[in-house]
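With CSV, C-alpha atoms inside, this is query-v3.csv:
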```csv
chain,number,residue,atom,x,y,z
A,1091,MET,CA,122.5,57.4,35.1
A,1092,ARG,CA,123.8,60.5,36.8
A,1093,LYS,CA,120.5,61.0,38.8
A,1094,SER,CA,120.6,57.5,40.2
A,1095,THR,CA,124.3,58.0,41.3
A,1096,ILE,CA,123.4,61.1,43.2
A,1097,ILE,CA,120.4,59.4,44.9
A,1098,GLY,CA,122.6,56.4,45.8
A,1099,ALA,CA,125.2,58.7,47.3
A,1100,VAL,CA,122.6,60.6,49.3
A,1101,LEU,CA,121.1,57.3,50.6
A,1102,VAL,CA,124.6,55.9,51.6
A,1103,GLY,CA,125.4,59.2,53.3
A,1104,GLY,CA,122.1,59.1,55.2
A,1105,ILE,CA,122.7,55.6,56.3
A,1106,ALA,CA,126.2,56.5,57.4
A,1107,LEU,CA,125.0,59.5,59.4
A,1108,ALA,CA,122.2,57.4,61.0
A,1109,GLY,CA,125.0,55.3,62.6
A,1110,CYS,CA,126.3,58.5,64.3
A,1111,THR,CA,123.4,59.0,66.6
A,1112,PRO,CA,124.1,58.4,70.3
A,1113,ALA,CA,123.8,54.8,71.4
A,1114,GLU,CA,121.0,53.8,73.8
A,1115,TYR,CA,123.5,51.5,75.6
A,1116,ASP,CA,127.0,51.8,77.0
A,1117,SER,CA,129.8,51.5,74.6
A,1118,ASP,CA,133.5,50.5,74.9
A,1119,GLN,CA,134.4,53.3,72.6
A,1120,PRO,CA,135.8,56.6,74.1
A,1121,PRO,CA,133.5,59.7,73.6
A,1122,ALA,CA,134.2,62.0,70.8
A,1123,PRO,CA,136.4,65.0,71.6
A,1124,GLY,CA,134.4,67.8,73.2
A,1125,THR,CA,131.6,65.5,74.4
A,1126,PRO,CA,130.6,66.3,78.0
A,1127,PRO,CA,130.9,63.5,80.5
A,1128,ALA,CA,127.7,61.5,81.1
A,1129,ASP,CA,127.5,62.8,84.7
A,1130,ALA,CA,127.8,66.5,83.6
A,1131,PRO,CA,124.8,68.8,84.4
A,1132,GLN,CA,122.3,68.9,81.5
A,1133,MET,CA,121.5,72.6,81.7
A,1134,ALA,CA,124.0,75.5,81.7
A,1135,GLY,CA,124.4,76.9,85.2
A,1136,GLN,CA,122.9,73.9,86.9
A,1137,ALA,CA,125.0,72.4,89.6
A,1138,ALA,CA,125.7,68.7,89.7
A,1139,SER,CA,124.2,68.5,93.2
A,1140,GLY,CA,120.9,69.8,91.8
A,1141,GLU,CA,120.9,73.1,93.6
A,1142,HIS,CA,119.6,76.2,91.8
A,1143,GLY,CA,122.4,78.2,90.1
A,1144,GLY,CA,125.2,76.2,91.6
A,1145,THR,CA,125.6,78.3,94.7
A,1146,SER,CA,125.0,76.7,98.1
A,1147,GLY,CA,123.2,77.7,101.2
A,1148,ALA,CA,121.3,80.8,102.1
A,1149,SER,CA,123.6,83.1,100.1
A,1150,GLY,CA,122.8,81.2,96.9
A,1151,ALA,CA,119.0,81.3,97.4
A,1152,ALA,CA,119.2,84.9,98.4
A,1153,ALA,CA,121.3,85.8,95.4
A,1154,GLN,CA,118.7,84.2,93.0
A,1155,LEU,CA,115.8,85.8,94.8
A,1156,LEU,CA,117.7,89.1,94.7
A,1157,SER,CA,118.1,88.8,90.9
A,1158,ASN,CA,114.3,88.1,90.6
A,1159,ARG,CA,113.4,91.1,92.8
A,1160,GLN,CA,115.8,93.4,90.8
A,1161,GLN,CA,114.1,92.3,87.6
A,1162,VAL,CA,110.7,93.1,89.2
A,1163,LEU,CA,111.9,96.4,90.3
A,1164,ALA,CA,113.2,97.3,86.8
A,1165,LEU,CA,109.9,96.3,85.3
A,1166,ALA,CA,108.0,98.4,87.9
A,1167,GLU,CA,110.1,101.4,87.1
A,1168,LEU,CA,109.6,101.0,83.4
A,1169,ALA,CA,105.8,100.6,83.8
A,1170,ALA,CA,105.7,103.8,85.9
A,1171,THR,CA,106.4,105.7,82.7
A,1172,LYS,CA,105.2,103.4,79.8
A,1173,ALA,CA,102.1,101.7,81.1
A,1174,THR,CA,98.8,103.0,79.7
A,1175,SER,CA,96.5,101.2,82.0
A,1176,PRO,CA,95.8,102.9,85.4
A,1177,GLN,CA,95.6,99.5,87.1
A,1178,ALA,CA,99.0,98.5,85.7
A,1179,LYS,CA,100.5,101.8,87.0
A,1180,GLU,CA,99.0,101.1,90.4
A,1181,VAL,CA,100.4,97.6,90.5
A,1182,ALA,CA,103.8,98.9,89.3
A,1183,ALA,CA,103.9,101.4,92.2
A,1184,GLU,CA,103.1,98.7,94.7
A,1185,LEU,CA,105.7,96.4,93.2
A,1186,GLN,CA,108.3,99.2,93.2
A,1187,GLN,CA,107.8,99.8,96.9
A,1188,SER,CA,107.9,96.2,98.0
A,1189,ALA,CA,110.7,95.2,95.6
A,1190,THR,CA,112.9,98.1,96.8
A,1191,GLU,CA,112.5,96.9,100.4
A,1192,GLN,CA,113.1,93.3,99.4
A,1193,VAL,CA,116.2,94.1,97.3
A,1194,SER,CA,117.9,95.9,100.3
A,1195,GLU,CA,117.1,93.0,102.6
A,1196,LEU,CA,118.4,90.4,100.1
A,1197,LYS,CA,121.6,92.2,99.3
A,1198,GLN,CA,122.5,91.8,103.0
A,1199,LEU,CA,121.6,88.1,103.0
A,1200,ALA,CA,123.3,87.4,99.6
A,1201,GLY,CA,126.6,88.7,101.0
A,1202,GLY,CA,127.0,91.1,98.0
A,1203,SER,CA,126.5,88.5,95.3
A,1204,GLY,CA,124.0,89.6,92.5
A,1205,ALA,CA,124.4,93.2,93.5
A,1206,GLN,CA,124.0,94.5,89.9
A,1207,SER,CA,120.7,96.1,89.2
A,1208,ALA,CA,118.6,94.5,86.4
A,1209,GLN,CA,117.6,96.2,83.2
A,1210,PRO,CA,114.3,95.5,81.5
A,1211,ASP,CA,114.7,93.9,78.1
A,1212,ALA,CA,115.0,96.1,75.0
A,1213,ALA,CA,112.0,94.4,73.3
A,1214,LEU,CA,109.7,95.4,76.1
A,1215,SER,CA,111.1,98.9,76.3
A,1216,ALA,CA,110.4,99.3,72.6
A,1217,LEU,CA,106.7,98.5,73.0
A,1218,SER,CA,104.0,101.1,73.9
A,1219,GLY,CA,100.3,101.2,74.6
A,1220,PRO,CA,98.2,98.1,75.1
A,1221,ALA,CA,101.0,95.9,73.6
A,1222,PHE,CA,103.4,97.1,76.4
A,1223,ASP,CA,100.8,96.6,79.1
A,1224,ALA,CA,100.2,93.0,77.9
A,1225,GLN,CA,103.8,92.0,77.7
A,1226,TRP,CA,104.7,93.8,80.9
A,1227,LYS,CA,101.9,91.9,82.7
A,1228,GLN,CA,103.1,88.5,81.4
A,1229,LYS,CA,106.7,89.2,82.5
A,1230,VAL,CA,105.6,90.4,86.0
A,1231,LEU,CA,103.3,87.4,86.5
A,1232,SER,CA,106.2,85.1,85.6
A,1233,LEU,CA,108.7,86.8,88.0
A,1234,VAL,CA,106.1,87.1,90.8
A,1235,GLY,CA,105.2,83.4,90.4
A,1236,GLN,CA,108.9,82.3,90.6
A,1237,ALA,CA,109.7,84.3,93.7
A,1238,PRO,CA,108.0,82.2,96.4
A,1239,THR,CA,109.6,79.0,95.0
A,1240,LEU,CA,113.1,80.6,95.1
A,1241,ALA,CA,112.6,81.5,98.8
A,1242,GLN,CA,111.1,78.2,99.9
A,1243,GLY,CA,113.2,75.7,101.7
A,1244,ASP,CA,115.6,78.2,103.1
A,1245,ALA,CA,115.3,79.0,106.8
A,1246,GLU,CA,116.7,82.5,106.5
A,1247,LEU,CA,114.2,83.3,103.8
A,1248,SER,CA,111.1,81.6,105.3
A,1249,GLU,CA,109.5,84.9,106.5
A,1250,LEU,CA,110.2,86.4,103.1
A,1251,ALA,CA,108.7,83.3,101.4
A,1252,THR,CA,105.5,83.8,103.2
A,1253,GLU,CA,105.4,87.5,102.3
A,1254,LEU,CA,106.2,86.7,98.6
A,1255,THR,CA,103.4,84.1,98.5
A,1256,ALA,CA,100.8,86.6,99.8
A,1257,GLU,CA,102.2,89.2,97.3
A,1258,GLN,CA,102.0,86.7,94.5
A,1259,GLN,CA,98.3,86.1,95.1
A,1260,GLU,CA,97.5,89.8,95.5
A,1261,ILE,CA,99.5,90.9,92.4
A,1262,THR,CA,98.1,88.0,90.3
A,1263,THR,CA,94.6,89.0,91.2
A,1264,LYS,CA,95.2,92.7,90.3
A,1265,LEU,CA,97.1,91.9,87.1
A,1266,ASN,CA,94.4,89.6,85.9
A,1267,ALA,CA,91.9,92.5,86.2
A,1268,VAL,CA,94.1,94.7,84.0
A,1269,ALA,CA,92.5,95.2,80.6
```

Show me this structure written as structure tokens.
Amino acid sequence: MRKSTIIGAVLVGGIALAGCTPAEYDSDQPPAPGTPPADAPQMAGQAASGEHGGTSGASGAAAQLLSNRQQVLALAELAATKATSPQAKEVAAELQQSATEQVSELKQLAGGSGAQSAQPDAALSALSGPAFDAQWKQKVLSLVGQAPTLAQGDAELSELATELTAEQQEITTKLNAVA
């Protein structure tokens, strides 16, 4: 008798909770407290206008690209001391040189926003040997792949976008050769 009462209560609770899912149609009922409005951005940090990061114009694109390049610079500096592959160290040295130049240029374009230097994540710093090289390679490929997209569509960054696209192809080829 007790077992059937518990099962019944669980079923009733499940049915009641099923009615709490969001409706697929508009409702006359007001939203629950704390519910974001329907026209609110779906991702944290995304502007309602659809711009990246919620900042507008060249300074916004430059600030995002600056952050990207600072992350690349931090990874290049870390690889200079931790990478075991000679190819990875060579790529890191190239990235360090190009990212340093790009960071100084972007700081001027960004108008001082995003001026903090990036730190590589602790998980990567804790790795060593081939495990470090593999994770470092993946992080660099990701950042290098994002850079041209961040610069595209902005007149002030068009020259840098072209440079970043060429760099992406070169770095990707070299990193894919890293054992």

Find the distance between atom CA of A:Leu1199 and atom CA of A:Ala1152 and write it in Å to one decimal.
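Straight-line distance from atom CA of A:Leu1199 to atom CA of A:Ala1152 works out to 6.1 Å.
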
Distance atom CA of A:Ser1157-atom CA of A:Gly1235, one decimal place?
14.0 Å

Nearest to A:Gln1177, chosen from A:Leu1247, A:Lys1227, A:Lys1197, A:Gln1192, with all atoms listed in the file counted in the distances
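For A:Gln1177, the nearest of the given residues is A:Lys1227.
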
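You can rank A:Val1181, A:Ala1200, A:Leu1155, A:Ala1169 by their closest distance to A:Ala1241 using all atoms listed in the file, and at the top of that list sits A:Leu1155.
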
So what do you get for atom CA of A:Gln1209 versus atom CA of A:Glu1253, distance-wise?
24.3 Å

Measuring atom to atom with only C-alpha atoms, identify which of A:Val1230, A:Ala1237, A:Ala1212, A:Val1268 is nearest to A:Ala1256.
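So, comparing all the options, the nearest one is A:Ala1237.
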